[in-house]
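Written below as structure tokens is the structure these notes are about.
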Amino acid sequence: MRATDLIIKKRDGLSMTAEEIRWLVDGYTRGEIPDYQMAAWAMAVLLNGMDDAETTELTLASAESGELLDLSSAVPFAVDKHSTGGVGDKVTLAAEPIVSACGLPVGKMSGRGLGFSGGTLDKMESIPGFRTDLTTRAFLDQLARLGLVLAGQTADLAPFDGKLYALRDVTGTVPSIPLIAASVMSKKIAAGAQAIVLDVKVGLGAFMPTLEQASALARQMTAIGHRSGRRTTALISDMNQPLGCAVGNALEVREAIQTLRGGGPADFREHCLEVAAHMLVLGEKYPSLPLARAAAETAVSSGRAFEKFRALVEAQGGDPACVDDPSRLPAAPVIETAIAPRAGWLGRVHAGEVGQTSVELGAGRARKGDPINPAVGIEVHHKVGDRVEEGTLLFTIHAADADACAVAKARLLGAVTLSDEPVEPLPLFYEVIAAAE
Ligand code: URA
């Protein structure tokens with residue numbers, strides 16, 4: 001077989017056989033196929049697509065390019081969640097302790113943030129001492145002991161995807177539905193959970209700008225999950241405006257803690273409870289969404305979910321004093337506000353712009369490996385549809401210095417539009433897609 005022939009096949013819109021896909025995945029993982037051929041292949045796939053059989057084969061071959069975790073040695077059944085990435089998306093930090101506090105083990109391997117969407121590892125590492133580089137043994141032990149782990153992905157997990165994702169990132173080939181579906185699902189399958197809830201974001205701050213594209217991605221991922229024997233549900237949720245109020249690592253941890261203590265912004269709280277309820281139903285802990293939702297609410301109001309989060313932080317070396325008193329988390333030296341220049345209804349709070357501003361402040365990384373500043377970020381005080389008066393507080397900016405703060409302020413005010421007519425609030429969720437039986 002020759003890589004050139006497989007590139008030509010995809011260039012001409014033909015389907016690859018399972019054998020050809022396996023050969024390509026093995027060859028690239030072993031370093032026998034060079035980046036330039038893989039990049040040409042990825043561009044051909046981006047332009048011409050892949051059919052369902054090809055996408056499933058690519059997913060399984062990618063998952064099998066490294067270690068396949070077997071969580072059943074630690075717990076009888078584990079559930080996982082994955083978000084396609086958003087601004088202010090700290091749902092994992094609150095939803096997973098809620099689910100674990102309801103008695104369903106959650107073992108999650110997360111990635112770091114890239115571009116304007118933050119990563120769970122970066123957020124958790126703003127807690128001094130918190131370690132995410134667990135060995136597989138330590139991961140399984142903690143899952144068995146505590147029923148909750150939040151660790152970084154080991155190099156052995158779907159190594160083909162690690163290489164291909166880095167290449168796609170620099171060759172304009174990230175926004176391909178089959179490539180995203182295979183990338184996400186290969187890591188989820190390799191990480192071993194038997195049930196997976198996918199949070200597929202749509203809108204101005206998401207990979208998928210339209211509902212049609214988000215729905216197509218969600219359907220592909222649930223179908224792959226089903227074909228590979230994993231119970232999979234996808235929620236399609238709004239990412240036109242940031243989720244919750246906090247954007248930036250330590251700020252987001254603080255907001256997750258407030259939410260686990262029964263407070264937090266209403267939209268974020270609702271989102272976490274809904275995701276947790278779907279995880280509990282998929283993991284067969286509760287027979288219906290209303291029962292699962294009630295259990296999730298009780299886990300918060302009883303303090304059990306907060307205690308689970310605290311135990312997680314302690315188990316992974318983090319300072320529990322920061323959980324008890326989030327004012328001990330890293331704080332920025334410059335904190336300033338941005339106010340509404342006039343009265344009106346908020347028509348847009350552009351999630352992508354808010355996310356990019358947080359990256360410029362130092363909360364995210366433009367390139368893989370860049371350092372991040374855990375203390376900086378933005379608090380977004382209003383939602384689309386809110387009525388504001390002239391002088392109403394719109395944003396609080398947490399910056400490393402005054403210059404960065406001034407640049408952020410101008411950009412954030414440009415991310416907002418004010419309307420003279422009332423504006424409908426945005427929904428939290430658009431659709432729920434369960435795997436076909
Ligand atoms: N997240 C992933 O893990 N992979 C993609 O391709 C896109 C988003």
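Numbering starts fresh at 1 for the residues of each chain in the structure tokens, the chains themselves are lettered A, B, ... in the order given, and ligands are numbered from 1 as they appear.
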
Next on the checklist: Around ligand 1, out to 6 Å and counting only C-alpha atoms and all ligand atoms, which residues are there? I want them as a list in words.
Outcome noted: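 The residues within 6 Å of ligand 1, counting only C-alpha atoms and all ligand atoms, are Thr84, Val174, Leu179, Ile180, Ser183 and Val184 of chain A.
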
Nearby residues (only C-alpha atoms) at most 6 Å from Ala292 of chain A, same-chain spacing under 6 positions excluded, as a CSV table (one decimal) with C-alpha atoms, in the first residue's frame:
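The resulting file, selection-v6.csv, is reproduced below:
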```csv
chain,number,residue,atom,x,y,z
A,277,ALA,CA,-28.9,14.0,35.3
A,280,LEU,CA,-27.0,9.3,36.0
A,286,TYR,CA,-31.9,6.4,38.0
```

Checklist entry - Using the chain letters and numbers from this document, which residues of segment 161-295 of chain A does DSSP assign to strand (DSSP E), as an MDAnalysis selection string? => result chainID A and resid 195:202 231:238 246:247

So that I have them on file, write out the residues from the current selection with C-alpha atoms, as a short mmCIF file (atom, residue, chain, number, x, y, z; two decimals), in the first residue's frame.
```cif
data_model
loop_
_atom_site.label_atom_id
_atom_site.label_comp_id
_atom_site.auth_asym_id
_atom_site.auth_seq_id
_atom_site.Cartn_x
_atom_site.Cartn_y
_atom_site.Cartn_z
CA ALA A 195 -21.28 5.39 29.14
CA ILE A 196 -20.49 8.81 27.68
CA VAL A 197 -22.45 12.08 27.75
CA LEU A 198 -21.32 14.46 25.02
CA ASP A 199 -21.89 18.19 25.38
CA VAL A 200 -21.76 19.51 21.81
CA LYS A 201 -21.46 23.29 21.72
CA VAL A 202 -22.94 25.43 18.97
CA ARG A 231 -24.02 4.03 25.79
CA THR A 232 -23.84 7.54 24.38
CA THR A 233 -26.08 10.60 24.64
CA ALA A 234 -25.32 13.98 23.11
CA LEU A 235 -26.71 17.32 24.30
CA ILE A 236 -26.48 20.25 21.92
CA SER A 237 -25.96 23.38 23.96
CA ASP A 238 -25.60 27.08 23.32
CA ALA A 246 -16.38 33.34 35.03
CA VAL A 247 -13.91 32.93 32.14
#
```

Contact check, segment 258-348 of chain A to segment 369-382 of chain A, at most 12 Å, counting only C-alpha atoms, closest pairs as JSON lines:
```
{"residue": "A:Gly264", "atom": "CA", "partner": "A:His381", "partner_atom": "CA", "distance": 12.0}
{"residue": "A:Pro265", "atom": "CA", "partner": "A:His381", "partner_atom": "CA", "distance": 9.5}
{"residue": "A:Ala266", "atom": "CA", "partner": "A:His382", "partner_atom": "CA", "distance": 11.4}
{"residue": "A:Asp267", "atom": "CA", "partner": "A:His382", "partner_atom": "CA", "distance": 11.1}
{"residue": "A:Pro326", "atom": "CA", "partner": "A:Ala375", "partner_atom": "CA", "distance": 12.0}
{"residue": "A:Ser327", "atom": "CA", "partner": "A:Ala375", "partner_atom": "CA", "distance": 11.2}
{"residue": "A:Arg328", "atom": "CA", "partner": "A:Ala375", "partner_atom": "CA", "distance": 11.0}
{"residue": "A:Leu329", "atom": "CA", "partner": "A:Ala375", "partner_atom": "CA", "distance": 7.8}
{"residue": "A:Pro330", "atom": "CA", "partner": "A:Ala375", "partner_atom": "CA", "distance": 4.9}
{"residue": "A:Ala331", "atom": "CA", "partner": "A:Ala375", "partner_atom": "CA", "distance": 4.8}
{"residue": "A:Ala332", "atom": "CA", "partner": "A:Ala375", "partner_atom": "CA", "distance": 5.0}
{"residue": "A:Pro333", "atom": "CA", "partner": "A:Ala375", "partner_atom": "CA", "distance": 8.7}
{"residue": "A:Val334", "atom": "CA", "partner": "A:Val376", "partner_atom": "CA", "distance": 9.0}
{"residue": "A:Ile335", "atom": "CA", "partner": "A:Val376", "partner_atom": "CA", "distance": 9.1}
{"residue": "A:Glu336", "atom": "CA", "partner": "A:Ile378", "partner_atom": "CA", "distance": 9.8}
{"residue": "A:Thr337", "atom": "CA", "partner": "A:Glu379", "partner_atom": "CA", "distance": 9.2}
{"residue": "A:Ala338", "atom": "CA", "partner": "A:Val380", "partner_atom": "CA", "distance": 9.8}
{"residue": "A:Ile339", "atom": "CA", "partner": "A:His381", "partner_atom": "CA", "distance": 10.0}
{"residue": "A:Ala340", "atom": "CA", "partner": "A:His382", "partner_atom": "CA", "distance": 10.5}
{"residue": "A:Trp345", "atom": "CA", "partner": "A:His382", "partner_atom": "CA", "distance": 10.2}
{"residue": "A:Leu346", "atom": "CA", "partner": "A:His382", "partner_atom": "CA", "distance": 7.9}
{"residue": "A:Gly347", "atom": "CA", "partner": "A:His382", "partner_atom": "CA", "distance": 10.8}
{"residue": "A:Arg348", "atom": "CA", "partner": "A:His382", "partner_atom": "CA", "distance": 10.2}
```

Item to check | In segment 235-352 of chain A, DSSP helix (DSSP H, G or I) residues written as a PyMOL selection string | outcome: chain A and resi 249-260+266-282+289-301+304-315+320-324+326-328+351-352

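Residues with any atom within 12 Å of Asp35 of chain A, counting only C-alpha atoms and excluding same-chain neighbours fewer than 3 positions away, are Ala3, Leu24, Gly27, Tyr28, Thr29, Arg30, Gly31, Glu32, Met38, Ala39, Ala40, Trp41, Ala42, Lys163, Leu164, Tyr165, Ala166, Leu167, Arg168, Val170 and Thr171 of chain A.
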
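Considering the residues A:Glu284, A:Glu274, A:Glu19, A:Asp386 and counting only C-alpha atoms, Glu96 of chain A has its shortest atom-to-atom contact with A:Glu274.
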
Could you list, with a cut-off of 9 Å and counting only C-alpha atoms, the residues of segment 87-151 of chain A near segment 302-321 of chain A, each shown with its nearest atom pair and the distance in Å rounded to one decimal, rows sorted by chain and ascending number, as a Markdown table?
```
| residue | atom | partner | partner_atom | distance |
| --- | --- | --- | --- | --- |
| A:Leu93 | CA | A:Phe309 | CA | 8.0 |
| A:Ala94 | CA | A:Phe309 | CA | 7.9 |
| A:Ala95 | CA | A:Ala305 | CA | 8.8 |
| A:Glu96 | CA | A:Phe309 | CA | 8.5 |
| A:Pro97 | CA | A:Ala305 | CA | 5.2 |
| A:Ile98 | CA | A:Ala305 | CA | 4.7 |
| A:Val99 | CA | A:Ala305 | CA | 8.0 |
| A:Ser100 | CA | A:Lys308 | CA | 7.3 |
| A:Ala101 | CA | A:Ala305 | CA | 5.3 |
| A:Cys102 | CA | A:Ala305 | CA | 8.2 |
| A:Met124 | CA | A:Val313 | CA | 8.5 |
| A:Glu125 | CA | A:Gly318 | CA | 8.3 |
| A:Ile127 | CA | A:Gly318 | CA | 5.9 |
| A:Pro128 | CA | A:Gly318 | CA | 5.7 |
| A:Gly129 | CA | A:Gly318 | CA | 4.3 |
| A:Phe130 | CA | A:Gly318 | CA | 3.8 |
| A:Arg131 | CA | A:Gln316 | CA | 5.4 |
| A:Thr132 | CA | A:Gln316 | CA | 7.2 |
| A:Leu134 | CA | A:Gln316 | CA | 8.5 |
| A:Gln142 | CA | A:Ala315 | CA | 7.7 |
| A:Leu146 | CA | A:Leu312 | CA | 7.6 |
| A:Leu148 | CA | A:Leu312 | CA | 6.7 |
| A:Val149 | CA | A:Leu312 | CA | 6.9 |
| A:Leu150 | CA | A:Leu312 | CA | 8.0 |
| A:Ala151 | CA | A:Gln316 | CA | 8.9 |
```

Checklist entry - Using only C-alpha atoms, which of A:Gly203, A:Gly244, A:Pro178, A:Gly391 sits nearest Leu47 of chain A? => result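 Smallest distance to Leu47 of chain A is found for A:Pro178.
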
Next on the checklist: Just want the 10 Å neighbourhood of Arg2 of chain A, counted on only C-alpha atoms, with same-chain residues fewer than 5 positions away dropped. Output as a ChimeraX atom specification.
Outcome noted: /A:7,20,23-24,33
